[in-house]
file query.cif (mmCIF, C-alpha atoms)
data_my_file
loop_
_atom_site.label_atom_id
_atom_site.label_comp_id
_atom_site.auth_asym_id
_atom_site.auth_seq_id
_atom_site.Cartn_x
_atom_site.Cartn_y
_atom_site.Cartn_z
CA MET Z 1 9.56 -6.07 16.49
CA ASN Z 2 9.96 -3.56 19.29
CA CYS Z 3 8.03 -0.31 19.21
CA ARG Z 4 10.57 2.37 20.04
CA ARG Z 5 9.41 5.79 21.17
CA GLU Z 6 11.48 7.52 18.47
CA ASP Z 7 9.78 5.46 15.72
CA LEU Z 8 6.51 7.23 16.53
CA LEU Z 9 7.74 10.78 15.88
CA LEU Z 10 5.96 11.14 12.52
CA TYR Z 11 3.30 8.47 12.12
CA GLY Z 12 1.63 8.39 8.70
CA VAL Z 13 -1.86 6.93 8.22
CA THR Z 14 -2.82 6.24 4.60
CA ASP Z 15 -6.03 7.41 2.96
CA ARG Z 16 -6.81 6.75 -0.69
CA SER Z 17 -9.36 9.62 -0.82
CA TRP Z 18 -6.71 11.96 -2.20
CA LEU Z 19 -4.93 9.80 -4.77
CA ASN Z 20 -5.98 12.01 -7.71
CA GLY Z 21 -4.84 9.49 -10.26
CA LYS Z 22 -1.64 8.55 -8.39
CA SER Z 23 -1.00 5.14 -6.86
CA LEU Z 24 -1.03 4.69 -3.10
CA TYR Z 25 2.37 3.03 -3.50
CA SER Z 26 3.94 6.20 -4.98
CA GLN Z 27 2.28 8.41 -2.34
CA VAL Z 28 3.58 6.21 0.46
CA GLU Z 29 7.07 6.08 -1.05
CA GLY Z 30 7.12 9.88 -1.14
CA ALA Z 31 6.04 10.06 2.50
CA LEU Z 32 8.73 7.57 3.54
CA LYS Z 33 11.40 9.46 1.59
CA GLY Z 34 10.24 12.66 3.27
CA GLY Z 35 10.70 11.24 6.75
CA VAL Z 36 7.64 9.33 7.97
CA THR Z 37 8.93 7.13 10.82
CA PHE Z 38 5.95 4.75 11.20
CA LEU Z 39 3.23 3.76 8.73
CA GLN Z 40 -0.31 2.50 9.20
CA LEU Z 41 -2.20 1.14 6.20
CA ARG Z 42 -5.86 2.03 6.61
CA GLU Z 43 -8.37 0.66 4.11
CA LYS Z 44 -12.09 0.75 4.74
CA GLU Z 45 -13.38 -0.02 1.23
CA LEU Z 46 -11.07 -2.63 -0.35
CA ASP Z 47 -12.03 -6.32 -0.42
CA GLN Z 48 -9.71 -8.78 1.33
CA GLU Z 49 -7.90 -9.90 -1.84
CA HIS Z 50 -6.97 -6.38 -2.97
CA PHE Z 51 -6.21 -5.27 0.58
CA LEU Z 52 -3.83 -8.23 1.02
CA ARG Z 53 -2.05 -7.56 -2.28
CA GLU Z 54 -1.66 -3.86 -1.46
CA ALA Z 55 -0.48 -4.62 2.09
CA VAL Z 56 2.29 -6.90 0.80
CA GLU Z 57 3.49 -4.19 -1.62
CA ILE Z 58 3.47 -1.44 1.03
CA ARG Z 59 5.21 -3.73 3.53
CA GLY Z 60 8.03 -4.15 1.00
CA LEU Z 61 8.37 -0.37 0.76
CA CYS Z 62 8.47 0.04 4.53
CA ARG Z 63 11.14 -2.64 4.84
CA LYS Z 64 13.21 -0.81 2.24
CA TYR Z 65 13.04 2.38 4.33
CA GLN Z 66 13.26 0.47 7.64
CA VAL Z 67 10.02 1.90 8.96
CA PRO Z 68 7.56 -0.15 11.07
CA PHE Z 69 4.46 -1.14 9.07
CA ILE Z 70 1.13 -1.89 10.69
CA ILE Z 71 -2.41 -2.61 9.53
CA ASN Z 72 -5.47 -0.75 10.78
CA ASP Z 73 -8.14 -2.97 12.38
CA ASN Z 74 -7.68 -6.07 10.21
CA VAL Z 75 -5.91 -8.59 12.42
CA GLU Z 76 -6.37 -11.44 9.91
CA ILE Z 77 -4.64 -9.52 7.09
CA ALA Z 78 -1.84 -8.47 9.45
CA LEU Z 79 -1.32 -12.10 10.41
CA GLU Z 80 -1.53 -13.45 6.86
CA MET Z 81 0.98 -11.06 5.30
CA ASN Z 82 3.28 -10.74 8.33
CA ALA Z 83 2.87 -7.04 9.06
CA ASP Z 84 4.89 -5.60 11.96
CA GLY Z 85 1.64 -5.20 13.88
CA VAL Z 86 -1.89 -3.87 14.00
CA HIS Z 87 -3.78 -0.86 15.36
CA VAL Z 88 -7.23 -1.41 16.86
CA GLY Z 89 -9.95 0.94 18.06
CA GLN Z 90 -12.17 0.63 21.11
CA SER Z 91 -14.86 -1.16 19.10
CA ASP Z 92 -12.44 -3.59 17.43
CA MET Z 93 -10.76 -6.70 18.81
CA GLU Z 94 -9.49 -6.19 22.37
CA ALA Z 95 -5.69 -5.86 22.76
CA GLY Z 96 -5.27 -9.07 24.77
CA LYS Z 97 -7.05 -11.11 22.09
CA VAL Z 98 -4.96 -9.40 19.37
CA ARG Z 99 -1.81 -10.38 21.27
CA GLU Z 100 -3.00 -14.01 21.47
CA LYS Z 101 -3.45 -14.08 17.70
CA LEU Z 102 -0.33 -12.18 16.64
CA GLY Z 103 2.11 -13.47 19.26
CA PRO Z 104 4.58 -11.65 21.50
CA ASP Z 105 6.75 -10.00 18.83
CA LYS Z 106 4.22 -7.84 16.98
CA ILE Z 107 3.40 -4.19 17.65
CA ILE Z 108 -0.10 -3.50 18.96
CA GLY Z 109 -1.50 0.01 18.99
CA VAL Z 110 -4.81 0.90 20.61
CA SER Z 111 -6.98 4.01 20.26
CA ALA Z 112 -7.91 5.64 23.56
CA ARG Z 113 -9.86 8.75 24.54
CA THR Z 114 -9.80 8.51 28.33
CA VAL Z 115 -7.28 7.67 31.04
CA GLU Z 116 -9.34 4.56 31.90
CA GLN Z 117 -9.22 3.27 28.31
CA ALA Z 118 -5.49 4.00 28.15
CA LEU Z 119 -4.67 2.13 31.37
CA LEU Z 120 -6.76 -0.86 30.31
CA ALA Z 121 -5.07 -1.01 26.89
CA GLU Z 122 -1.64 -0.91 28.55
CA GLN Z 123 -2.61 -3.67 31.01
CA ARG Z 124 -3.80 -5.84 28.12
CA GLY Z 125 -0.56 -5.58 26.21
CA ALA Z 126 -0.71 -2.50 23.97
CA ASP Z 127 2.72 -1.22 22.86
CA TYR Z 128 1.55 2.33 22.17
CA LEU Z 129 -1.63 4.41 22.23
CA GLY Z 130 -3.24 6.63 19.60
CA VAL Z 131 -5.14 9.42 21.37
CA GLY Z 132 -7.59 11.78 19.66
CA ALA Z 133 -9.13 13.50 17.97
CA VAL Z 134 -7.00 16.29 19.42
CA PHE Z 135 -8.35 18.77 16.83
CA PRO Z 136 -11.52 18.66 14.72
CA THR Z 137 -10.98 16.31 11.77
CA GLY Z 138 -12.64 15.61 8.46
CA THR Z 139 -11.20 12.11 8.06
CA LYS Z 140 -12.97 10.50 10.99
CA LEU Z 141 -16.37 12.05 11.37
CA ASP Z 142 -17.37 10.11 14.49
CA ALA Z 143 -14.25 11.07 16.45
CA GLY Z 144 -14.94 13.26 19.46
CA ASP Z 145 -12.42 15.81 20.62
CA VAL Z 146 -9.89 15.00 23.33
CA SER Z 147 -8.75 18.01 25.33
CA PHE Z 148 -5.10 18.92 25.86
CA GLU Z 149 -5.55 18.16 29.57
CA THR Z 150 -6.86 14.65 28.85
CA LEU Z 151 -4.03 14.02 26.39
CA ARG Z 152 -1.49 15.14 28.99
CA ASP Z 153 -3.16 13.06 31.73
CA ILE Z 154 -3.05 9.93 29.53
CA CYS Z 155 0.65 10.48 28.79
CA ARG Z 156 1.33 10.77 32.52
CA ALA Z 157 -0.79 7.75 33.44
CA VAL Z 158 0.85 5.18 31.16
CA SER Z 159 4.42 4.06 30.62
CA ILE Z 160 3.95 3.21 26.93
CA PRO Z 161 4.35 5.93 24.26
CA VAL Z 162 1.38 8.01 23.13
CA VAL Z 163 0.73 9.41 19.66
CA ALA Z 164 -1.72 12.28 19.16
CA ILE Z 165 -4.07 11.99 16.18
CA GLY Z 166 -6.90 13.97 14.62
CA GLY Z 167 -6.85 17.16 12.60
CA ILE Z 168 -3.11 17.73 13.14
CA THR Z 169 -1.37 20.05 10.67
CA GLY Z 170 1.96 21.83 10.41
CA GLU Z 171 0.21 24.94 11.73
CA ASN Z 172 -1.44 23.58 14.89
CA PHE Z 173 0.71 20.74 16.22
CA GLY Z 174 2.80 23.17 18.30
CA GLU Z 175 -0.25 23.48 20.57
CA LEU Z 176 0.51 19.93 21.75
CA LYS Z 177 3.89 20.90 23.17
CA GLY Z 178 4.26 19.87 26.80
CA SER Z 179 1.64 17.11 26.62
CA GLY Z 180 4.21 14.31 26.76
CA ILE Z 181 3.39 12.68 23.41
CA ALA Z 182 6.00 10.68 21.51
CA GLY Z 183 4.80 11.95 18.15
CA ILE Z 184 1.95 12.92 15.87
CA ALA Z 185 -0.17 10.74 13.59
CA VAL Z 186 -1.30 12.50 10.44
CA VAL Z 187 -3.51 11.63 7.50
CA SER Z 188 -4.46 14.60 5.34
CA ALA Z 189 -1.43 16.70 6.40
CA ILE Z 190 0.61 14.30 4.24
CA PHE Z 191 -1.71 12.32 1.98
CA ALA Z 192 -3.96 15.18 0.87
CA ARG Z 193 -0.90 17.10 -0.31
CA GLU Z 194 0.25 17.11 -3.93
CA ASP Z 195 3.83 16.30 -2.88
CA THR Z 196 3.80 13.78 -0.02
CA GLU Z 197 7.59 13.79 0.23
CA ALA Z 198 7.74 17.56 0.77
CA ALA Z 199 4.78 17.45 3.19
CA ALA Z 200 6.40 14.73 5.31
CA GLY Z 201 9.78 16.46 5.21
CA GLU Z 202 8.26 19.74 6.40
CA LEU Z 203 6.46 18.08 9.31
CA LYS Z 204 9.50 16.01 10.32
CA LYS Z 205 11.69 19.13 10.38
CA LYS Z 206 9.18 21.01 12.55
CA MET Z 207 8.83 18.07 14.91
CA LEU Z 208 12.58 17.78 15.35
CA GLU Z 209 12.80 21.51 16.03
CA MET Z 210 10.53 21.13 19.01
CA THR Z 211 12.86 20.31 21.87
CA GLU Z 212 10.04 18.85 23.92
CA ILE Z 213 6.79 17.78 22.32
#

call {"tool": "encode", "arguments": {"input": "query.cif", "output": "structure tokens"}}
result
Amino acid sequence: MNCRREDLLLYGVTDRSWLNGKSLYSQVEGALKGGVTFLQLREKELDQEHFLREAVEIRGLCRKYQVPFIINDNVEIALEMNADGVHVGQSDMEAGKVREKLGPDKIIGVSARTVEQALLAEQRGADYLGVGAVFPTGTKLDAGDVSFETLRDICRAVSIPVVAIGGITGENFGELKGSGIAGIAVVSAIFAREDTEAAAGELKKKMLEMTEI
């Protein structure tokens, strides 16, 4: 599956911290209805069996809405349940090794915080980069801030699309205008909201209103 720049406009990353009695499935369906264009399933606590079952269900939803579906970190799960791809961090499996395992047709995303990391990820076969944290964030406590200048320099240095992540909300993402990013990756701005469909719809509308991100 190709990773098109426009697919990365509104990139949702799941987090079950805010389910409040709802199912992740219903939250994700709301987000997809609202306009999420790319979905990453992130699970840090589930065992392999439950993660696999959940991944298969969410993949079905994403296929229904024709949105690329990728797994965070877990290359084995992505391979086993035929996800569209995987996203890895700097401390996870290196992009070249991920490509060997998943084959040429899967999407590989890599987290980067410096131009050097970005260039290396691109050389090793990454299809897109996730760069951040661009704002302080409560969902990833070990993430250091990436300045606007670094974000812009990364976008200029690579030919693959870049998604900004970390602490992004409907109120602050306008500060990223002019950086060259393809889109924004959000967690709490959608999944911490009572109505994920409305939250995603609001963000999508604002993103589309920006003539140049």

call {"tool": "atom_distance", "arguments": {"input": "query.cif", "atom1": "CA of Asp127 in chain Z", "atom2": "CA of Ala182 in chain Z"}}
result
12.4 Å

call {"tool": "resolve_selection", "arguments": {"input": "query.cif", "expression": "the PyMOL selection byres ((chain Z and resi 92-94) around 10)", "output": "PyMOL selection string"}}
result
chain Z and resi 73-75+87-91+95-99+110-111+120-121+124-126

call {"tool": "atom_distance", "arguments": {"input": "query.cif", "atom1": "CA of Gln117 in chain Z", "atom2": "CA of Ile77 in chain Z"}}
result
25.2 Å

call {"tool": "residues_around", "arguments": {"input": "query.cif", "residues": "Tyr65 in chain Z", "least_positions_apart": "6", "cutoff": "9 Å", "atoms": "only C-alpha atoms", "output": "VMD selection string"}}
result
chain Z and resid 29 32 to 33

call {"tool": "write_last_selection", "arguments": {"input": "query.cif", "atoms": "C-alpha atoms", "output": "PDB file, in the coordinates of the input"}}
result
ATOM      1  CA  GLU Z  29       7.070   6.080  -1.050  1.00  0.00           C
ATOM      2  CA  LEU Z  32       8.730   7.570   3.540  1.00  0.00           C
ATOM      3  CA  LYS Z  33      11.400   9.460   1.590  1.00  0.00           C
TER       4      LYS Z  33
END

call {"tool": "residues_around", "arguments": {"input": "query.cif", "residues": "Asp153 in chain Z", "least_positions_apart": "5", "cutoff": "9 Å", "atoms": "only C-alpha atoms", "output": "ChimeraX atom specification"}}
result
/Z:114-115,148,158,179-180

call {"tool": "resolve_selection", "arguments": {"input": "query.cif", "expression": "the PyMOL selection byres ((chain Z and resi 8) around 9)", "output": "PyMOL selection string"}}
result
chain Z and resi 3-7+9-11+36-38+128+161-163+182-185

call {"tool": "residues_near_point", "arguments": {"input": "query.cif", "point": "(2.5, 0.8, 2.4)", "cutoff": "9 Å", "atoms": "only C-alpha atoms", "output": "list in words"}}
result
Thr14, Leu24, Tyr25, Gln27, Val28, Glu29, Leu39, Gln40, Leu41, Glu54, Ala55, Val56, Glu57, Ile58, Arg59, Gly60, Leu61, Cys62, Phe69 and Ile70 of chain Z

call {"tool": "resolve_selection", "arguments": {"input": "query.cif", "expression": "the PyMOL selection byres ((chain Z and resi 147) around 9)", "output": "ChimeraX atom specification"}}
result
/Z:132-135,145-146,148-152

call {"tool": "atom_distance", "arguments": {"input": "query.cif", "atom1": "CA of Asp195 in chain Z", "atom2": "CA of Gly21 in chain Z"}}
result
13.3 Å

call {"tool": "residues_around", "arguments": {"input": "query.cif", "residues": "Phe191 in chain Z", "least_positions_apart": "5", "cutoff": "7 Å", "atoms": "all atoms listed in the file", "output": "number ranges by chain"}}
result
Z: 14-15, 18, 196

call {"tool": "closest_residue", "arguments": {"input": "query.cif", "among": "Z:Gly109, Z:Pro104, Z:Gly174, Z:Gly201", "to": "Ile160 in chain Z", "atoms": "all atoms listed in the file"}}
result
Z:Gly109

call {"tool": "closest_residue", "arguments": {"input": "query.cif", "among": "Z:Lys206, Z:His50, Z:Ser188, Z:Met1", "to": "Ala83 in chain Z", "atoms": "all atoms listed in the file"}}
result
Z:Met1

call {"tool": "closest_residue", "arguments": {"input": "query.cif", "among": "Z:Leu176, Z:Glu45, Z:Glu197, Z:Cys155", "to": "Ser26 in chain Z", "atoms": "only C-alpha atoms"}}
result
Z:Glu197

call {"tool": "decode", "arguments": {"input": "query.cif", "residues": "range 70-98 of chain Z", "atoms": "N, CA, C and O atoms", "output": "PDB file, in the first residue's frame"}}
result
ATOM      1  N   ILE Z  70      -2.124   1.228  10.617  1.00  0.00           N
ATOM      2  CA  ILE Z  70      -0.807   0.712  11.000  1.00  0.00           C
ATOM      3  C   ILE Z  70      -0.726   0.447  12.501  1.00  0.00           C
ATOM      4  O   ILE Z  70      -1.503   0.982  13.287  1.00  0.00           O
ATOM      5  N   ILE Z  71       0.224  -0.402  12.855  1.00  0.00           N
ATOM      6  CA  ILE Z  71       0.448  -0.810  14.245  1.00  0.00           C
ATOM      7  C   ILE Z  71       1.666  -0.071  14.788  1.00  0.00           C
ATOM      8  O   ILE Z  71       2.668   0.074  14.094  1.00  0.00           O
ATOM      9  N   ASN Z  72       1.576   0.365  16.031  1.00  0.00           N
ATOM     10  CA  ASN Z  72       2.722   1.001  16.685  1.00  0.00           C
ATOM     11  C   ASN Z  72       3.673  -0.067  17.222  1.00  0.00           C
ATOM     12  O   ASN Z  72       3.243  -0.969  17.965  1.00  0.00           O
ATOM     13  N   ASP Z  73       4.934   0.029  16.842  1.00  0.00           N
ATOM     14  CA  ASP Z  73       6.023  -0.790  17.397  1.00  0.00           C
ATOM     15  C   ASP Z  73       5.999  -2.284  17.065  1.00  0.00           C
ATOM     16  O   ASP Z  73       7.037  -2.856  16.779  1.00  0.00           O
ATOM     17  N   ASN Z  74       4.836  -2.925  17.163  1.00  0.00           N
ATOM     18  CA  ASN Z  74       4.790  -4.387  17.163  1.00  0.00           C
ATOM     19  C   ASN Z  74       4.783  -4.955  15.739  1.00  0.00           C
ATOM     20  O   ASN Z  74       3.738  -5.169  15.133  1.00  0.00           O
ATOM     21  N   VAL Z  75       5.974  -5.217  15.236  1.00  0.00           N
ATOM     22  CA  VAL Z  75       6.137  -5.691  13.858  1.00  0.00           C
ATOM     23  C   VAL Z  75       5.507  -7.071  13.685  1.00  0.00           C
ATOM     24  O   VAL Z  75       4.897  -7.370  12.651  1.00  0.00           O
ATOM     25  N   GLU Z  76       5.629  -7.925  14.714  1.00  0.00           N
ATOM     26  CA  GLU Z  76       5.091  -9.292  14.620  1.00  0.00           C
ATOM     27  C   GLU Z  76       3.574  -9.288  14.470  1.00  0.00           C
ATOM     28  O   GLU Z  76       3.018 -10.011  13.649  1.00  0.00           O
ATOM     29  N   ILE Z  77       2.901  -8.452  15.266  1.00  0.00           N
ATOM     30  CA  ILE Z  77       1.434  -8.341  15.175  1.00  0.00           C
ATOM     31  C   ILE Z  77       1.043  -7.796  13.796  1.00  0.00           C
ATOM     32  O   ILE Z  77       0.128  -8.293  13.149  1.00  0.00           O
ATOM     33  N   ALA Z  78       1.752  -6.776  13.344  1.00  0.00           N
ATOM     34  CA  ALA Z  78       1.457  -6.169  12.044  1.00  0.00           C
ATOM     35  C   ALA Z  78       1.555  -7.211  10.930  1.00  0.00           C
ATOM     36  O   ALA Z  78       0.726  -7.250  10.014  1.00  0.00           O
ATOM     37  N   LEU Z  79       2.563  -8.061  11.041  1.00  0.00           N
ATOM     38  CA  LEU Z  79       2.788  -9.112  10.047  1.00  0.00           C
ATOM     39  C   LEU Z  79       1.696 -10.165  10.127  1.00  0.00           C
ATOM     40  O   LEU Z  79       1.112 -10.564   9.115  1.00  0.00           O
ATOM     41  N   GLU Z  80       1.387 -10.580  11.355  1.00  0.00           N
ATOM     42  CA  GLU Z  80       0.430 -11.676  11.565  1.00  0.00           C
ATOM     43  C   GLU Z  80      -0.977 -11.319  11.103  1.00  0.00           C
ATOM     44  O   GLU Z  80      -1.680 -12.152  10.531  1.00  0.00           O
ATOM     45  N   MET Z  81      -1.400 -10.060  11.361  1.00  0.00           N
ATOM     46  CA  MET Z  81      -2.795  -9.736  11.007  1.00  0.00           C
ATOM     47  C   MET Z  81      -2.896  -8.864   9.756  1.00  0.00           C
ATOM     48  O   MET Z  81      -3.927  -8.312   9.450  1.00  0.00           O
ATOM     49  N   ASN Z  82      -1.782  -8.750   9.029  1.00  0.00           N
ATOM     50  CA  ASN Z  82      -1.780  -8.058   7.735  1.00  0.00           C
ATOM     51  C   ASN Z  82      -2.227  -6.604   7.834  1.00  0.00           C
ATOM     52  O   ASN Z  82      -3.110  -6.153   7.088  1.00  0.00           O
ATOM     53  N   ALA Z  83      -1.611  -5.871   8.752  1.00  0.00           N
ATOM     54  CA  ALA Z  83      -1.853  -4.427   8.824  1.00  0.00           C
ATOM     55  C   ALA Z  83      -1.251  -3.771   7.579  1.00  0.00           C
ATOM     56  O   ALA Z  83      -0.463  -4.384   6.854  1.00  0.00           O
ATOM     57  N   ASP Z  84      -1.617  -2.514   7.338  1.00  0.00           N
ATOM     58  CA  ASP Z  84      -1.050  -1.796   6.189  1.00  0.00           C
ATOM     59  C   ASP Z  84       0.399  -1.396   6.432  1.00  0.00           C
ATOM     60  O   ASP Z  84       1.101  -1.002   5.506  1.00  0.00           O
ATOM     61  N   GLY Z  85       0.827  -1.463   7.708  1.00  0.00           N
ATOM     62  CA  GLY Z  85       2.206  -1.110   8.011  1.00  0.00           C
ATOM     63  C   GLY Z  85       2.451  -0.994   9.495  1.00  0.00           C
ATOM     64  O   GLY Z  85       1.638  -1.434  10.314  1.00  0.00           O
ATOM     65  N   VAL Z  86       3.566  -0.370   9.829  1.00  0.00           N
ATOM     66  CA  VAL Z  86       3.982  -0.265  11.228  1.00  0.00           C
ATOM     67  C   VAL Z  86       4.719   1.050  11.430  1.00  0.00           C
ATOM     68  O   VAL Z  86       5.308   1.596  10.491  1.00  0.00           O
ATOM     69  N   HIS Z  87       4.641   1.571  12.670  1.00  0.00           N
ATOM     70  CA  HIS Z  87       5.403   2.774  13.013  1.00  0.00           C
ATOM     71  C   HIS Z  87       6.382   2.402  14.127  1.00  0.00           C
ATOM     72  O   HIS Z  87       5.982   1.827  15.133  1.00  0.00           O
ATOM     73  N   VAL Z  88       7.652   2.744  13.932  1.00  0.00           N
ATOM     74  CA  VAL Z  88       8.674   2.402  14.928  1.00  0.00           C
ATOM     75  C   VAL Z  88       9.396   3.658  15.416  1.00  0.00           C
ATOM     76  O   VAL Z  88       9.544   4.631  14.677  1.00  0.00           O
ATOM     77  N   GLY Z  89       9.829   3.589  16.666  1.00  0.00           N
ATOM     78  CA  GLY Z  89      10.600   4.673  17.257  1.00  0.00           C
ATOM     79  C   GLY Z  89      12.082   4.435  17.095  1.00  0.00           C
ATOM     80  O   GLY Z  89      12.513   3.405  16.555  1.00  0.00           O
ATOM     81  N   GLN Z  90      12.878   5.359  17.600  1.00  0.00           N
ATOM     82  CA  GLN Z  90      14.333   5.241  17.475  1.00  0.00           C
ATOM     83  C   GLN Z  90      14.890   4.048  18.254  1.00  0.00           C
ATOM     84  O   GLN Z  90      15.917   3.487  17.888  1.00  0.00           O
ATOM     85  N   SER Z  91      14.183   3.640  19.312  1.00  0.00           N
ATOM     86  CA  SER Z  91      14.699   2.527  20.122  1.00  0.00           C
ATOM     87  C   SER Z  91      14.085   1.186  19.708  1.00  0.00           C
ATOM     88  O   SER Z  91      14.364   0.150  20.302  1.00  0.00           O
ATOM     89  N   ASP Z  92      13.215   1.195  18.699  1.00  0.00           N
ATOM     90  CA  ASP Z  92      12.592  -0.037  18.227  1.00  0.00           C
ATOM     91  C   ASP Z  92      13.395  -0.625  17.062  1.00  0.00           C
ATOM     92  O   ASP Z  92      14.500  -0.192  16.789  1.00  0.00           O
ATOM     93  N   MET Z  93      12.798  -1.572  16.383  1.00  0.00           N
ATOM     94  CA  MET Z  93      13.477  -2.199  15.238  1.00  0.00           C
ATOM     95  C   MET Z  93      13.797  -1.158  14.161  1.00  0.00           C
ATOM     96  O   MET Z  93      12.974  -0.303  13.853  1.00  0.00           O
ATOM     97  N   GLU Z  94      14.984  -1.232  13.605  1.00  0.00           N
ATOM     98  CA  GLU Z  94      15.446  -0.267  12.601  1.00  0.00           C
ATOM     99  C   GLU Z  94      14.661  -0.467  11.293  1.00  0.00           C
ATOM    100  O   GLU Z  94      14.260  -1.582  10.947  1.00  0.00           O
ATOM    101  N   ALA Z  95      14.412   0.642  10.579  1.00  0.00           N
ATOM    102  CA  ALA Z  95      13.520   0.633   9.410  1.00  0.00           C
ATOM    103  C   ALA Z  95      13.905  -0.404   8.350  1.00  0.00           C
ATOM    104  O   ALA Z  95      13.041  -1.065   7.768  1.00  0.00           O
ATOM    105  N   GLY Z  96      15.189  -0.562   8.104  1.00  0.00           N
ATOM    106  CA  GLY Z  96      15.635  -1.539   7.108  1.00  0.00           C
ATOM    107  C   GLY Z  96      15.252  -2.962   7.486  1.00  0.00           C
ATOM    108  O   GLY Z  96      14.817  -3.763   6.650  1.00  0.00           O
ATOM    109  N   LYS Z  97      15.382  -3.282   8.759  1.00  0.00           N
ATOM    110  CA  LYS Z  97      15.010  -4.619   9.263  1.00  0.00           C
ATOM    111  C   LYS Z  97      13.493  -4.804   9.191  1.00  0.00           C
ATOM    112  O   LYS Z  97      12.998  -5.885   8.876  1.00  0.00           O
ATOM    113  N   VAL Z  98      12.746  -3.726   9.509  1.00  0.00           N
ATOM    114  CA  VAL Z  98      11.278  -3.785   9.414  1.00  0.00           C
ATOM    115  C   VAL Z  98      10.881  -4.076   7.975  1.00  0.00           C
ATOM    116  O   VAL Z  98      10.011  -4.916   7.699  1.00  0.00           O
TER     117      VAL Z  98
END
